[in-house]
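**Q** Have a peek at upload-v3.cif (mmCIF, C-alpha atoms).
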```cif
data_protein
#
loop_
_atom_site.label_atom_id
_atom_site.label_comp_id
_atom_site.auth_asym_id
_atom_site.auth_seq_id
_atom_site.Cartn_x
_atom_site.Cartn_y
_atom_site.Cartn_z
CA MET M 14 0.00 0.00 0.00
CA ASP M 15 1.50 3.34 -1.02
CA ALA M 16 1.26 6.59 0.93
CA ALA M 17 -1.53 8.01 -1.24
CA ASP M 18 -3.66 4.90 -0.76
CA GLU M 19 -3.06 4.98 2.96
CA ALA M 20 -3.98 8.67 3.18
CA ARG M 21 -7.20 8.03 1.23
CA LEU M 22 -8.16 5.07 3.44
CA LEU M 23 -7.28 7.05 6.54
CA GLY M 24 -9.57 9.87 5.43
CA LEU M 25 -12.41 7.42 4.86
CA ALA M 26 -11.80 5.65 8.17
CA ARG M 27 -11.89 8.96 10.02
CA LYS M 28 -15.37 9.49 8.59
CA GLY M 29 -16.44 6.15 10.04
CA ASP M 30 -15.80 3.82 7.09
CA MET M 31 -15.07 0.46 8.73
CA ARG M 32 -14.19 -1.17 5.43
CA ALA M 33 -11.42 1.36 4.84
CA PHE M 34 -10.20 0.75 8.37
CA GLY M 35 -10.22 -2.98 7.62
CA HIS M 36 -7.82 -2.38 4.72
CA LEU M 37 -5.55 -0.44 7.06
CA VAL M 38 -5.69 -3.31 9.56
CA ASP M 39 -4.73 -5.75 6.80
CA ALA M 40 -1.86 -3.55 5.68
CA HIS M 41 -0.33 -3.07 9.10
CA GLN M 42 -1.14 -6.24 10.99
CA PRO M 43 2.00 -8.16 9.93
CA ALA M 44 4.38 -5.52 11.30
CA VAL M 45 2.39 -4.89 14.47
CA ARG M 46 1.90 -8.58 15.22
CA ALA M 47 5.57 -9.38 14.51
CA PHE M 48 6.63 -6.62 16.90
CA LEU M 49 4.34 -7.93 19.63
CA ARG M 50 5.27 -11.56 19.08
CA ARG M 51 8.91 -10.70 19.63
CA LEU M 52 8.09 -8.46 22.53
CA THR M 53 5.78 -10.78 24.46
CA GLY M 54 7.10 -14.18 23.40
CA SER M 55 3.55 -15.44 23.14
CA TYR M 56 1.70 -15.41 19.84
CA ALA M 57 -1.66 -15.56 21.63
CA ASP M 58 -0.84 -12.62 23.93
CA ALA M 59 0.59 -10.72 20.97
CA ASP M 60 -2.64 -11.03 18.98
CA ASP M 61 -4.68 -10.09 22.03
CA ILE M 62 -2.71 -6.87 22.50
CA ALA M 63 -2.60 -6.18 18.76
CA GLN M 64 -6.38 -6.40 18.49
CA ASP M 65 -6.82 -4.03 21.40
CA ALA M 66 -4.29 -1.66 19.86
CA PHE M 67 -6.11 -1.61 16.51
CA ALA M 68 -9.46 -1.14 18.24
CA ARG M 69 -8.04 1.76 20.25
CA THR M 70 -6.52 3.22 17.08
CA TRP M 71 -9.98 3.27 15.52
CA GLU M 72 -11.19 5.36 18.47
CA VAL M 73 -8.33 7.85 18.32
CA LEU M 74 -7.79 8.10 14.55
CA ASN M 75 -8.58 11.79 14.70
CA ARG M 76 -5.65 12.32 17.04
CA TYR M 77 -3.19 10.84 14.55
CA ASP M 78 -1.39 13.84 13.09
CA GLY M 79 0.66 12.06 10.41
CA ARG M 80 4.05 13.08 11.77
CA ALA M 81 5.02 9.43 12.32
CA SER M 82 3.91 6.59 10.06
CA LEU M 83 0.56 5.01 10.86
CA ARG M 84 2.17 1.69 11.73
CA SER M 85 4.50 3.49 14.17
CA PHE M 86 1.44 5.11 15.72
CA ILE M 87 -0.31 1.74 16.09
CA CYS M 88 2.83 0.12 17.50
CA GLY M 89 3.08 2.98 19.99
CA VAL M 90 -0.47 2.27 21.14
CA ALA M 91 0.35 -1.45 21.34
CA PHE M 92 3.48 -0.77 23.37
CA GLN M 93 1.48 1.28 25.87
CA TYR M 94 -1.02 -1.58 26.22
CA TRP M 95 1.77 -4.08 26.75
CA ARG M 96 3.49 -1.92 29.34
CA ARG M 97 0.25 -1.20 31.18
CA GLY M 98 -0.64 -4.90 31.20
CA ARG M 99 2.78 -5.80 32.56
CA ARG M 100 2.55 -3.24 35.31
CA ALA M 101 -0.96 -4.24 36.27
CA GLU M 102 -0.56 -7.96 36.67
CA GLY M 103 3.06 -8.92 36.14
CA ARG M 104 1.90 -10.84 33.11
CA ARG M 105 2.56 -14.54 33.47
CA LEU M 106 5.64 -14.49 35.58
CA ALA M 107 5.45 -18.24 35.84
CA ARG M 108 6.68 -18.39 32.25
CA ASP M 109 10.19 -17.75 33.57
CA THR M 110 10.19 -20.90 35.60
CA ALA M 111 7.82 -23.40 34.06
CA TYR M 112 8.61 -24.84 30.65
CA ALA M 113 5.04 -26.01 30.20
CA ASP M 114 3.77 -22.47 30.42
CA LEU M 115 5.86 -21.54 27.43
CA GLU M 116 3.62 -23.57 25.17
CA ASP M 117 1.62 -21.15 23.11
CA ALA M 118 -1.97 -21.98 22.20
CA HIS M 119 -1.77 -19.96 18.98
CA HIS M 120 -1.95 -22.06 15.81
CA ASP M 121 1.05 -20.27 14.25
CA ALA M 122 3.24 -20.50 17.31
CA PRO M 123 6.55 -22.24 16.67
CA GLN M 124 7.78 -25.12 18.77
CA MET M 125 9.80 -23.92 21.74
CA THR M 126 13.29 -25.23 21.00
CA PRO M 127 16.10 -24.81 23.57
CA GLU M 128 17.49 -22.00 21.40
CA ARG M 129 14.19 -20.14 21.40
CA LEU M 130 13.78 -20.76 25.10
CA ALA M 131 17.22 -19.29 25.86
CA LEU M 132 16.46 -16.24 23.72
CA ARG M 133 13.08 -15.80 25.31
CA ARG M 134 14.56 -15.84 28.78
CA ALA M 135 17.24 -13.39 27.75
CA MET M 136 14.55 -11.08 26.32
CA GLU M 137 12.54 -11.23 29.51
CA ASP M 138 15.58 -10.21 31.53
CA LEU M 139 15.96 -7.02 29.48
CA PRO M 140 14.44 -3.70 30.56
CA PRO M 141 11.10 -3.07 28.78
CA ASP M 142 12.36 -0.29 26.51
CA GLN M 143 15.39 -2.28 25.40
CA ARG M 144 13.22 -5.30 24.74
CA ALA M 145 10.83 -3.22 22.66
CA VAL M 146 13.65 -1.68 20.62
CA LEU M 147 14.97 -5.14 19.76
CA ALA M 148 11.49 -6.39 18.90
CA LEU M 149 11.04 -3.49 16.51
CA CYS M 150 14.46 -3.32 14.88
CA LEU M 151 16.02 -6.79 14.80
CA GLY M 152 13.85 -8.01 11.97
CA GLN M 153 14.60 -4.76 10.13
CA ASP M 154 10.88 -4.04 9.97
CA PHE M 155 11.43 -0.64 11.57
CA THR M 156 14.23 1.87 11.23
CA HIS M 157 15.96 3.22 14.30
CA GLN M 158 14.17 6.51 13.76
CA GLU M 159 10.78 4.78 13.64
CA ALA M 160 11.60 2.86 16.83
CA ALA M 161 12.49 6.16 18.50
CA GLU M 162 9.07 7.53 17.44
CA VAL M 163 7.17 4.47 18.60
CA LEU M 164 8.84 4.34 22.00
CA LYS M 165 9.34 8.09 22.40
CA LEU M 166 13.05 7.63 23.05
CA PRO M 167 16.03 9.62 21.77
CA LEU M 168 17.67 8.11 18.69
CA GLY M 169 20.98 7.61 20.51
CA THR M 170 19.23 5.62 23.24
CA VAL M 171 17.61 3.39 20.62
CA LYS M 172 20.99 2.66 19.04
CA SER M 173 22.63 1.84 22.34
CA HIS M 174 19.67 -0.35 23.34
CA ILE M 175 20.12 -2.31 20.11
CA ASN M 176 23.84 -2.84 20.61
CA ARG M 177 23.54 -3.86 24.25
CA GLY M 178 20.42 -5.93 23.74
CA ARG M 179 21.84 -7.76 20.75
CA ALA M 180 24.95 -8.62 22.75
CA ARG M 181 22.78 -10.02 25.56
CA LEU M 182 20.79 -12.17 23.14
CA GLN M 183 23.92 -13.45 21.46
CA ALA M 184 25.43 -14.26 24.82
CA ALA M 185 22.30 -16.23 25.66
CA LEU M 186 22.95 -18.34 22.57
CA GLY M 187 26.57 -18.80 23.57
CA LEU M 188 27.85 -16.56 20.79
CA ASN M 189 30.12 -13.56 20.80
CA ALA M 190 30.13 -10.55 18.49
CA GLU M 191 32.98 -11.81 16.31
CA GLN M 192 31.17 -15.05 15.57
CA THR M 193 28.00 -13.27 14.50
CA ASP M 194 29.72 -10.61 12.42
CA ALA M 195 31.67 -13.22 10.48
CA MET V 126 25.42 -17.97 12.28
CA HIS V 127 22.94 -15.62 13.91
CA ASP V 128 22.46 -12.26 12.27
CA ASP V 129 19.76 -9.83 13.35
CA ARG V 130 17.15 -11.32 11.06
CA SER V 131 17.64 -14.85 12.31
CA LEU V 132 17.54 -13.64 15.91
CA ALA V 133 14.27 -11.87 15.09
CA ALA V 134 12.90 -15.02 13.46
CA LEU V 135 13.74 -17.03 16.56
CA LEU V 136 11.97 -14.48 18.73
CA GLY V 137 8.85 -14.45 16.57
CA GLU V 138 7.85 -14.49 12.92
CA ALA V 139 5.61 -12.00 11.17
CA PRO V 140 2.45 -13.53 9.72
CA GLN V 141 3.06 -14.17 6.03
CA THR V 142 -0.30 -12.93 4.81
CA PRO V 143 -2.89 -10.67 6.41
CA ASP V 144 -5.27 -12.83 8.39
CA PRO V 145 -8.97 -12.00 7.73
CA GLY V 146 -9.87 -13.60 11.05
CA PHE V 147 -7.67 -11.09 12.80
CA ARG V 148 -9.50 -8.23 11.07
CA PHE V 149 -12.89 -9.62 12.17
CA ASP V 150 -11.61 -9.94 15.73
CA VAL V 151 -10.53 -6.29 15.61
CA PHE V 152 -14.01 -5.28 14.40
CA ALA V 153 -15.60 -7.31 17.19
CA ARG V 154 -13.45 -5.49 19.73
CA VAL V 155 -14.27 -2.12 18.22
CA THR V 156 -17.97 -2.92 18.59
CA ALA V 157 -17.60 -4.27 22.12
CA ARG V 158 -15.61 -1.21 23.21
CA ALA V 159 -18.20 1.13 21.69
CA ARG V 160 -20.97 -0.69 23.58
CA ARG V 161 -19.02 -0.58 26.79
CA ARG V 162 -18.33 3.12 26.39
CA ALA V 163 -21.97 3.86 25.61
CA ALA V 164 -23.06 1.87 28.68
CA PHE V 165 -20.58 3.77 30.81
CA GLU V 166 -21.81 7.12 29.49
CA ARG V 167 -25.42 6.14 30.13
CA GLY V 168 -24.54 5.08 33.65
CA ALA V 169 -22.63 8.28 34.31
CA LEU V 170 -25.52 10.38 33.00
CA GLN V 171 -27.97 8.48 35.18
CA VAL V 172 -25.86 9.04 38.24
CA ALA V 173 -25.58 12.72 37.40
CA ALA V 174 -29.32 12.98 36.78
CA PHE V 175 -30.29 11.27 40.02
CA THR V 176 -27.77 13.27 41.99
CA GLY V 177 -29.26 16.43 40.54
CA MET V 178 -32.74 15.30 41.42
CA GLY V 179 -31.69 14.51 44.96
CA LEU V 180 -30.26 17.96 45.27
CA VAL V 181 -33.45 19.52 43.91
CA LEU V 182 -35.49 17.48 46.38
CA ALA V 183 -33.41 18.69 49.30
CA LEU V 184 -33.71 22.28 48.12
CA ILE V 185 -37.47 21.96 47.74
CA GLN V 186 -37.80 20.58 51.24
CA PHE V 187 -35.63 23.33 52.58
CA ALA V 188 -37.59 26.01 50.72
CA SER V 189 -40.94 24.54 51.70
CA ALA V 190 -40.30 24.50 55.41
CA ALA V 191 -42.31 27.64 55.94
CA SER V 192 -45.22 26.80 53.63
CA GLY V 193 -48.16 24.45 54.23
CA ALA V 194 -47.85 20.84 55.41
CA TRP V 195 -48.49 19.44 51.88
CA GLY V 196 -45.82 21.55 50.27
CA PRO V 197 -42.83 19.25 50.89
CA MET V 198 -44.84 16.16 49.95
CA LEU V 199 -45.94 17.66 46.65
CA GLY V 200 -42.43 18.87 45.99
CA ALA V 201 -40.98 15.42 46.63
CA ALA V 202 -43.58 13.76 44.40
CA GLY V 203 -42.88 16.25 41.62
CA ALA V 204 -39.14 15.74 41.94
CA LEU V 205 -39.54 11.95 41.81
CA ALA V 206 -41.69 12.20 38.69
CA LEU V 207 -39.16 14.51 37.10
CA SER V 208 -36.30 12.17 37.98
CA GLY V 209 -38.17 9.25 36.39
CA VAL V 210 -38.72 11.21 33.19
CA ALA V 211 -35.07 12.29 33.19
CA ALA V 212 -33.84 8.72 33.72
CA PHE V 213 -35.84 7.42 30.77
CA THR V 214 -34.73 10.33 28.64
CA VAL V 215 -31.12 9.66 29.53
CA ILE V 216 -31.30 5.99 28.61
CA LYS V 217 -30.97 5.61 24.87
CA GLY V 218 -32.53 2.55 23.34
CA PRO V 219 -35.13 0.11 24.53
CA LYS V 220 -33.16 -1.48 27.36
CA ALA V 221 -34.22 -1.18 30.97
CA ALA V 222 -33.21 1.60 33.30
CA LEU V 223 -29.71 1.20 34.75
CA ALA V 224 -28.69 -0.68 31.61
CA VAL V 225 -25.27 -2.20 31.79
CA PHE V 226 -23.01 -3.57 29.10
CA ARG V 227 -24.23 -6.88 27.78
CA PRO V 228 -22.33 -8.62 24.96
CA ALA V 229 -24.50 -9.33 21.93
#
```
Once you've parsed the file, please lay out its structure as structure tokens.
**A**
Amino acid sequence: MDAADEARLLGLARKGDMRAFGHLVDAHQPAVRAFLRRLTGSYADADDIAQDAFARTWEVLNRYDGRASLRSFICGVAFQYWRRGRRAEGRRLARDTAYADLEDAHHDAPQMTPERLALRRAMEDLPPDQRAVLALCLGQDFTHQEAAEVLKLPLGTVKSHINRGRARLQAALGLNAEQTDA
Amino acid sequence: MHDDRSLAALLGEAPQTPDPGFRFDVFARVTARARRRAAFERGALQVAAFTGMGLVLALIQFASAASGAWGPMLGAAGALALSGVAAFTVIKGPKAALAVFRPA
């Protein structure tokens, strides 16, 4: 979807056109869901938060000023939901200790290999902002600038979060920087 | 070898194609949230209306202290009738008074 199409659909959605909003959901759901899957580690939780984020976006479409991309805006909403949910209930802390709880009910969820498990645990040890930066940028779905907009962080902080976070993840896999850069 | 992309893939894959089921779930949530918000607004309006009526009732009683014995009674009856009319005006739709959110 190009920028002109998105602007047209956005205009229609702001007037209450649900079908236009549906096209926007289709266009942005892969990036938003990928971000949340990496952030939460649970495909089911990720979809739950993503759906809430899209529903909230529908309510606040008129507040979107177009300075950031729409997907950055939606990811920002999703990040706020995730952070609020974490604060409120310490979402599924048992996942850290019980392997069985790592099984994801989502039909797309991959099998939890030891490698994935180690990465997941390393992610959950990271501070929330650092974790979110990695979830946004590692797959190269978002630029550093976009991540800074989503998370409302300075660009330099985003870059240092990526470097430090990446090193922590690689360490969790028993790798060092030289091995991965080779 | 683990570059950034493979690390990302291990952490979670993006869905390959947009999932229509996901879109329908989003629409369902939009509808549910709208209903919940409407129910909340109705409830808040009812509370405001009844609070206002209670205040009016108290004022009538206070003002009627010096008038005849039937004055406060008539005032209270009038205020109750007014509050009933206000409550039904406040509630939009055919559902009962003090409607709460009910999923369809």
**Q** Rank V:Leu199, V:Leu184, V:Val151, V:Ala211 by their smallest atom-to-atom distance to chain M, using all atoms listed in the file, and report the top residue only.
**A** V:Val151
**Q** Taking the file above as input, evaluate the PyMOL selection byres ((chain V) within 9 of (chain M)) and report the hits as a ChimeraX atom specification.
**A** /V:126-145,147-156,158-159
**Q** Atom CA of Leu166 of chain M and atom CA of Arg27 of chain M are how many Å apart?
**A**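 Interatomic distance, atom CA of Leu166 of chain M to atom CA of Arg27 of chain M: 28.2 Å.
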**Q** How many Å separate atom CA of Leu182 of chain V from atom CA of Phe165 of chain V?
**A**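 Interatomic distance here is 25.5 Å.
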**Q** Which value, in Å to one decimal, gives the distance between atom CA of Leu207 of chain V and atom CA of Gly179 of chain V?
**A**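 It comes out at 10.8 Å.
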**Q** What are the centre and the three edge lengths of an axis-aligned box that wraps all atoms of segment 163-180 of chain V in the file, given that 4 Å is added to every side, written as lines of an AutoDock Vina configuration file and rounded to one decimal in Å?
**A**
```
center_x = -26.7
center_y = 9.9
center_z = 35.4
size_x = 20.2
size_y = 24.1
size_z = 27.7
```
**Q** Give me the residues near Glu19 of chain M as a VMD selection string, where near means some atom within 9 Å (using only C-alpha atoms) and where sequence neighbours in that chain fewer than 3 positions away do not count.
**A** chain M and resid 14 to 16 22 to 24 36 to 37 83
**Q** List as a list in words the protein and nucleic acid residues near Ile185 of chain V, meaning an atom at most 9 Å away when all atoms listed in the file are counted, but skip any in the same chain fewer than 5 places from it.
**A** Leu180, Ala190, Gly196, Pro197, Gly200, Ala201 and Ala204 of chain V
